[in-house]
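Novice: Just passing along the structure, written as structure tokens.
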Amino acid sequence: MSAAAAPLQARVVEVIRETADAHTLVLEPAGGREDSFSYKPGQFLTIRIPSDRPGGAARCYSLCSSPLQDEKLKVTIKRTRDGYGSNWICDNVVEGHVLDVLRPAGTFTPHSLEADFLLFAGGSGVTPVMSILKSALAAGTGSVTMVYANRDESSVIFREELIALGRAYPGRLNVIHWLETVQGIPDQAAIGALAAPYRDREVFICGPGPFMDCVERSLQALGMPPERIHIERFVSLAADPFAPVETVVPEAGPGSSVVEVDLDGEQRTVNWPQGAKLLDVLLGSGLEAPYSCREGACSACTCLVLEGEVRMERNEVLDAADIRDGFILACQAVPVSDKVRITYEA
Ligand code: FES
């Protein structure tokens, strides 16, 4: 069965110029379905970018707002050289524009905000980190240290907001700026020295690939356990997530399983035919399960197995600790046991 993905619509109510090449879009739901815009700190939005290219274009941008502090959703987009999506947004999107988006998703989010955090952000990688930082300050009682690397002072996104947060939460927020034009490219020894006093914390890292690799190596050298190191790695979407998708009619058949699912505060039980992907079955049942790439590469469809067994056909994004904890990618999961219980509420 083929069905059109049902995108959400978000109206741009303000465009904030953060730096010369970074714009923040302030968004509010348009056309109803407000509940589908709920999100966790550190998650991302998939935005449709108009394109004549075969397969269309869509890009994932992290939310920099906090669901616990900001009334409206915000994404910050920085132009990249030859970046089709970022340049289209920075050149074309103005107040009043209505964007097609998919519901917020992603696993770069703390299990609990009641913790001490060590955050690493490089350039525009600050966006999900900012969401986590604001949320931890608002909802937790722990300390937050952020190491924030930028090319130079003029490229520091959210500088004023960080200063204001430091004043609002005295003694809880410590921002360590690293400017390449002053201190050079940060290396493993320098990152290790900055991180050492905070080695017992939960760590979240987002930025350019070489920066994230360097931070990860530094933390590993300090002996930090991998389950406390969280890294946001975006992949380019190969297919158009807004295109009509194949879904599966959840009819009982020989050898089919049953899946009980918690999603958006509701519980549903659905037949899960042998060999069918969980996401296709849920969409075919009329459930608004989250997704983006449908290729096992973005984590938007992640859910938790509470009971039963499934097999994933492809996984480019969940690490060993995620899998050990029971997380799966619905777009790649086929049933193994007769009965499976999953939740999206973890
Ligand atoms: S939708 Fe991207 S991993 Fe499943």
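FYI, nothing fancy with the structure tokens labels: chains A, B, ... in order, residues from 1 per chain, ligands from 1 as they appear.
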Produce a table with one row for each residue of chain A that has an atom at most 6 Å from any atom of ligand 1, each row naming the nearest atom pair and its distance in Å at one decimal; use only C-alpha atoms and all ligand atoms; arrange rows by chain and rising residue number; format as a tab-separated table.

Specialist:
```
residue	atom	partner	partner_atom_place_in_ligand_line	distance
A:Tyr291	CA	ligand 1	1 (S)	3.9
A:Ser292	CA	ligand 1	1 (S)	4.2
A:Cys293	CA	ligand 1	2 (Fe)	3.9
A:Arg294	CA	ligand 1	1 (S)	3.7
A:Glu295	CA	ligand 1	2 (Fe)	5.5
A:Gly296	CA	ligand 1	3 (S)	3.5
A:Ala297	CA	ligand 1	3 (S)	4.4
A:Cys298	CA	ligand 1	2 (Fe)	3.8
A:Ser299	CA	ligand 1	3 (S)	4.1
A:Ala300	CA	ligand 1	2 (Fe)	4.9
A:Cys301	CA	ligand 1	4 (Fe)	4.4
A:Leu329	CA	ligand 1	4 (Fe)	5.2
A:Ala330	CA	ligand 1	4 (Fe)	5.9
A:Cys331	CA	ligand 1	4 (Fe)	4.4
```

Novice: Extract, using only C-alpha atoms, all DNA, RNA and protein residues at most 6 Å from region 251-266 of chain A, discarding same-chain residues fewer than 2 positions from it, and format them as a list in words.

Specialist: Val249, Arg268, Thr269, Val270, Asn271, Trp272, Pro273, Gln274, Asp338, Lys339, Val340, Arg341, Ile342, Thr343 and Tyr344 of chain A

Novice: Can I get the selection written as a JSON list (two decimals), in the first residue's frame, with N, CA, C and O atoms?

Specialist:
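As a result, again_34.json now contains:
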```json
[["chain", "number", "residue", "atom", "x", "y", "z"],
["A", 249, "VAL", "N", -0.46, -3.05, 5.19],
["A", 249, "VAL", "CA", -1.75, -3.27, 5.87],
["A", 249, "VAL", "C", -1.52, -4.33, 6.93],
["A", 249, "VAL", "O", -1.06, -5.44, 6.62],
["A", 268, "ARG", "N", -1.77, 0.85, 21.42],
["A", 268, "ARG", "CA", -2.48, 0.15, 20.34],
["A", 268, "ARG", "C", -1.85, -1.22, 20.15],
["A", 268, "ARG", "O", -0.64, -1.40, 20.34],
["A", 269, "THR", "N", -2.67, -2.16, 19.74],
["A", 269, "THR", "CA", -2.16, -3.49, 19.40],
["A", 269, "THR", "C", -2.42, -3.72, 17.91],
["A", 269, "THR", "O", -3.53, -3.50, 17.42],
["A", 270, "VAL", "N", -1.38, -4.13, 17.19],
["A", 270, "VAL", "CA", -1.43, -4.19, 15.73],
["A", 270, "VAL", "C", -0.82, -5.51, 15.27],
["A", 270, "VAL", "O", 0.16, -5.98, 15.84],
["A", 271, "ASN", "N", -1.40, -6.10, 14.24],
["A", 271, "ASN", "CA", -0.78, -7.28, 13.64],
["A", 271, "ASN", "C", 0.50, -6.88, 12.92],
["A", 271, "ASN", "O", 0.55, -5.82, 12.28],
["A", 272, "TRP", "N", 1.51, -7.75, 13.02],
["A", 272, "TRP", "CA", 2.80, -7.43, 12.41],
["A", 272, "TRP", "C", 3.20, -8.59, 11.50],
["A", 272, "TRP", "O", 3.76, -9.58, 11.96],
["A", 273, "PRO", "N", 2.87, -8.48, 10.20],
["A", 273, "PRO", "CA", 3.15, -9.60, 9.28],
["A", 273, "PRO", "C", 4.64, -9.93, 9.22],
["A", 273, "PRO", "O", 5.48, -9.03, 9.32],
["A", 274, "GLN", "N", 4.92, -11.21, 9.00],
["A", 274, "GLN", "CA", 6.29, -11.68, 8.91],
["A", 274, "GLN", "C", 7.06, -10.89, 7.85],
["A", 274, "GLN", "O", 6.56, -10.68, 6.75],
["A", 338, "ASP", "N", 6.64, -13.96, 18.58],
["A", 338, "ASP", "CA", 5.21, -13.84, 18.23],
["A", 338, "ASP", "C", 4.60, -12.56, 18.78],
["A", 338, "ASP", "O", 3.69, -11.99, 18.20],
["A", 339, "LYS", "N", 5.11, -12.15, 19.94],
["A", 339, "LYS", "CA", 4.55, -10.96, 20.58],
["A", 339, "LYS", "C", 5.69, -10.00, 20.90],
["A", 339, "LYS", "O", 6.73, -10.42, 21.41],
["A", 340, "VAL", "N", 5.47, -8.74, 20.58],
["A", 340, "VAL", "CA", 6.49, -7.71, 20.85],
["A", 340, "VAL", "C", 5.77, -6.53, 21.48],
["A", 340, "VAL", "O", 4.64, -6.20, 21.10],
["A", 341, "ARG", "N", 6.43, -5.96, 22.48],
["A", 341, "ARG", "CA", 5.88, -4.74, 23.09],
["A", 341, "ARG", "C", 6.91, -3.64, 22.94],
["A", 341, "ARG", "O", 8.08, -3.83, 23.30],
["A", 342, "ILE", "N", 6.52, -2.50, 22.38],
["A", 342, "ILE", "CA", 7.47, -1.40, 22.21],
["A", 342, "ILE", "C", 6.87, -0.09, 22.72],
["A", 342, "ILE", "O", 5.65, 0.04, 22.80],
["A", 343, "THR", "N", 7.78, 0.84, 23.01],
["A", 343, "THR", "CA", 7.31, 2.16, 23.41],
["A", 343, "THR", "C", 8.14, 3.25, 22.73],
["A", 343, "THR", "O", 9.34, 3.08, 22.51],
["A", 344, "TYR", "N", 7.48, 4.35, 22.41],
["A", 344, "TYR", "CA", 8.16, 5.55, 21.95],
["A", 344, "TYR", "C", 8.28, 6.56, 23.07],
["A", 344, "TYR", "O", 8.73, 7.67, 22.86]]
```

Novice: Which parts of region 26-222 of chain A does DSSP call strand (DSSP E) when run on the backbone here, written out as a ChimeraX atom specification?

Specialist: /A:26-30,44-49,57-62,73-78,98-105,117-122,144-150,173-179,202-206

Novice: Can you tell me how far CA of Ser65 (chain A) sits from CA of Ser218 (chain A), in Å to one decimal?

Specialist: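 Computing the Euclidean distance for CA of Ser65 (chain A) and CA of Ser218 (chain A) yields 28.5 Å.
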
Novice: Residues within 10 Å of Glu232 (chain A), please, as a PyMOL selection string. Count only C-alpha atoms; anything in the same chain fewer than 5 positions from it doesn't count.

Specialist: chain A and resi 42-43+62+106-109+125+128-129+204-209+212+298+317

Novice: Taking only C-alpha atoms into account, name the residue in A:Gly223, A:Gly284, A:Pro110, A:Pro241 that is nearest to Ile132 (chain A).

Specialist: A:Pro110

Novice: Write out as a compact mmCIF listing (two decimals) with N, CA, C and O atoms, in the first residue's frame which residues come within 10 Å of region 97-102 of chain A when counting only C-alpha atoms, dropping same-chain ones fewer than 2 positions away.

Specialist:
```txt
# COMPACT_ATOMS: atom_id res chain seq x y z
N ALA A 5 3.33 10.51 2.97
CA ALA A 5 3.71 10.89 4.31
C ALA A 5 2.95 12.16 4.64
O ALA A 5 2.74 13.00 3.78
N ALA A 6 2.48 12.27 5.85
CA ALA A 6 1.69 13.44 6.21
C ALA A 6 2.58 14.44 6.91
O ALA A 6 2.78 14.36 8.12
N PRO A 7 3.17 15.38 6.15
CA PRO A 7 4.06 16.32 6.82
C PRO A 7 3.29 17.24 7.72
O PRO A 7 2.11 17.50 7.52
N LEU A 8 3.97 17.75 8.72
CA LEU A 8 3.41 18.81 9.54
C LEU A 8 3.74 20.12 8.86
O LEU A 8 4.63 20.19 8.01
N GLN A 9 3.03 21.15 9.26
CA GLN A 9 3.37 22.47 8.72
C GLN A 9 3.74 23.39 9.87
O GLN A 9 3.07 23.40 10.92
N ALA A 10 4.80 24.15 9.66
CA ALA A 10 5.27 25.07 10.69
C ALA A 10 5.41 26.46 10.07
O ALA A 10 6.02 26.62 9.01
N ARG A 11 4.83 27.45 10.74
CA ARG A 11 4.92 28.83 10.25
C ARG A 11 6.12 29.53 10.89
O ARG A 11 6.33 29.41 12.10
N VAL A 12 6.88 30.22 10.07
CA VAL A 12 8.01 31.00 10.58
C VAL A 12 7.45 32.31 11.13
O VAL A 12 6.88 33.11 10.39
N VAL A 13 7.58 32.52 12.43
CA VAL A 13 7.02 33.75 13.02
C VAL A 13 8.10 34.80 13.24
O VAL A 13 7.80 35.96 13.48
N GLU A 14 9.36 34.39 13.13
CA GLU A 14 10.44 35.36 13.26
C GLU A 14 11.72 34.75 12.68
O GLU A 14 11.92 33.53 12.78
N LEU A 27 9.49 29.04 15.09
CA LEU A 27 8.40 28.33 14.42
C LEU A 27 7.22 28.09 15.35
O LEU A 27 7.41 27.90 16.56
N GLU A 28 6.04 28.09 14.76
CA GLU A 28 4.88 27.61 15.51
C GLU A 28 4.05 26.72 14.60
O GLU A 28 4.06 26.89 13.37
N PRO A 29 3.35 25.76 15.19
CA PRO A 29 2.55 24.84 14.37
C PRO A 29 1.53 25.60 13.52
O PRO A 29 0.90 26.55 14.01
N ALA A 30 1.38 25.18 12.27
CA ALA A 30 0.35 25.75 11.40
C ALA A 30 -0.54 24.59 10.95
O ALA A 30 -0.05 23.49 10.70
N GLY A 31 -1.79 24.80 10.88
CA GLY A 31 -2.68 23.74 10.39
C GLY A 31 -2.96 22.66 11.41
O GLY A 31 -3.24 21.52 11.04
N SER A 36 1.83 16.91 17.73
CA SER A 36 2.90 16.22 17.00
C SER A 36 4.21 17.01 17.02
O SER A 36 5.23 16.53 16.54
N PHE A 37 4.18 18.23 17.54
CA PHE A 37 5.39 19.03 17.61
C PHE A 37 6.12 18.88 18.94
O PHE A 37 7.11 19.55 19.18
N PHE A 44 15.80 16.78 16.57
CA PHE A 44 15.90 17.57 15.34
C PHE A 44 14.59 17.55 14.56
O PHE A 44 13.72 16.70 14.77
N LEU A 45 14.48 18.52 13.64
CA LEU A 45 13.35 18.60 12.72
C LEU A 45 13.86 18.28 11.32
O LEU A 45 14.95 18.72 10.95
N THR A 46 13.06 17.58 10.54
CA THR A 46 13.38 17.40 9.12
C THR A 46 12.55 18.42 8.34
O THR A 46 11.33 18.48 8.50
N ILE A 47 13.22 19.24 7.53
CA ILE A 47 12.54 20.31 6.79
C ILE A 47 12.61 20.02 5.29
O ILE A 47 13.67 19.67 4.77
N ARG A 48 11.47 20.18 4.62
CA ARG A 48 11.45 20.01 3.17
C ARG A 48 12.07 21.25 2.51
O ARG A 48 11.69 22.39 2.81
N ILE A 49 12.99 21.01 1.60
CA ILE A 49 13.63 22.10 0.85
C ILE A 49 13.15 21.95 -0.60
O ILE A 49 13.35 20.89 -1.20
N PRO A 50 12.52 22.98 -1.19
CA PRO A 50 12.06 22.84 -2.57
C PRO A 50 13.22 22.51 -3.50
O PRO A 50 14.29 23.09 -3.37
N ALA A 58 15.56 17.31 1.42
CA ALA A 58 15.12 17.54 2.80
C ALA A 58 16.38 17.57 3.65
O ALA A 58 17.38 16.95 3.31
N ARG A 59 16.33 18.32 4.72
CA ARG A 59 17.49 18.41 5.59
C ARG A 59 17.04 18.31 7.04
O ARG A 59 15.94 18.74 7.39
N CYS A 60 17.90 17.76 7.88
CA CYS A 60 17.62 17.65 9.32
C CYS A 60 18.35 18.77 10.04
O CYS A 60 19.56 18.94 9.85
N ASN A 92 15.94 32.54 1.40
CA ASN A 92 14.53 32.61 1.01
C ASN A 92 13.52 32.68 2.15
O ASN A 92 12.42 33.20 1.95
N VAL A 93 13.85 32.11 3.29
CA VAL A 93 12.82 31.97 4.31
C VAL A 93 12.70 33.26 5.13
O VAL A 93 13.69 33.76 5.68
N VAL A 94 11.47 33.79 5.14
CA VAL A 94 11.19 35.03 5.87
C VAL A 94 9.97 34.78 6.76
O VAL A 94 9.30 33.75 6.66
N GLU A 95 9.70 35.76 7.61
CA GLU A 95 8.54 35.68 8.50
C GLU A 95 7.27 35.43 7.69
O GLU A 95 7.08 36.05 6.64
N PRO A 104 9.45 16.17 15.27
CA PRO A 104 10.78 16.12 15.88
C PRO A 104 11.16 14.69 16.25
O PRO A 104 10.31 13.90 16.65
N ALA A 105 12.45 14.39 16.13
CA ALA A 105 12.91 13.03 16.37
C ALA A 105 14.39 13.05 16.72
O ALA A 105 15.05 14.08 16.64
N PRO A 241 12.19 12.05 2.25
CA PRO A 241 11.30 11.52 3.29
C PRO A 241 9.87 12.06 3.19
O PRO A 241 8.99 11.59 3.90
N PHE A 242 9.64 13.05 2.31
CA PHE A 242 8.29 13.60 2.13
C PHE A 242 7.54 12.91 0.99
O PHE A 242 6.37 13.19 0.75
N PRO A 290 7.18 8.40 14.25
CA PRO A 290 8.18 9.33 13.69
C PRO A 290 9.16 8.62 12.75
O PRO A 290 9.48 7.45 12.94
N TYR A 291 9.65 9.33 11.76
CA TYR A 291 10.70 8.81 10.88
C TYR A 291 11.27 9.96 10.08
O TYR A 291 10.73 11.06 10.03
N SER A 292 12.40 9.68 9.44
CA SER A 292 12.96 10.65 8.51
C SER A 292 13.58 9.90 7.33
O SER A 292 12.99 9.82 6.27
N ALA A 300 15.69 8.78 13.67
CA ALA A 300 14.39 9.43 13.93
C ALA A 300 13.32 8.44 14.38
O ALA A 300 12.39 8.82 15.09
```

Novice: Provide the CA of Ala138 (chain A) to CA of Arg33 (chain A) distance in Å, to one decimal place.

Specialist: 26.2 Å
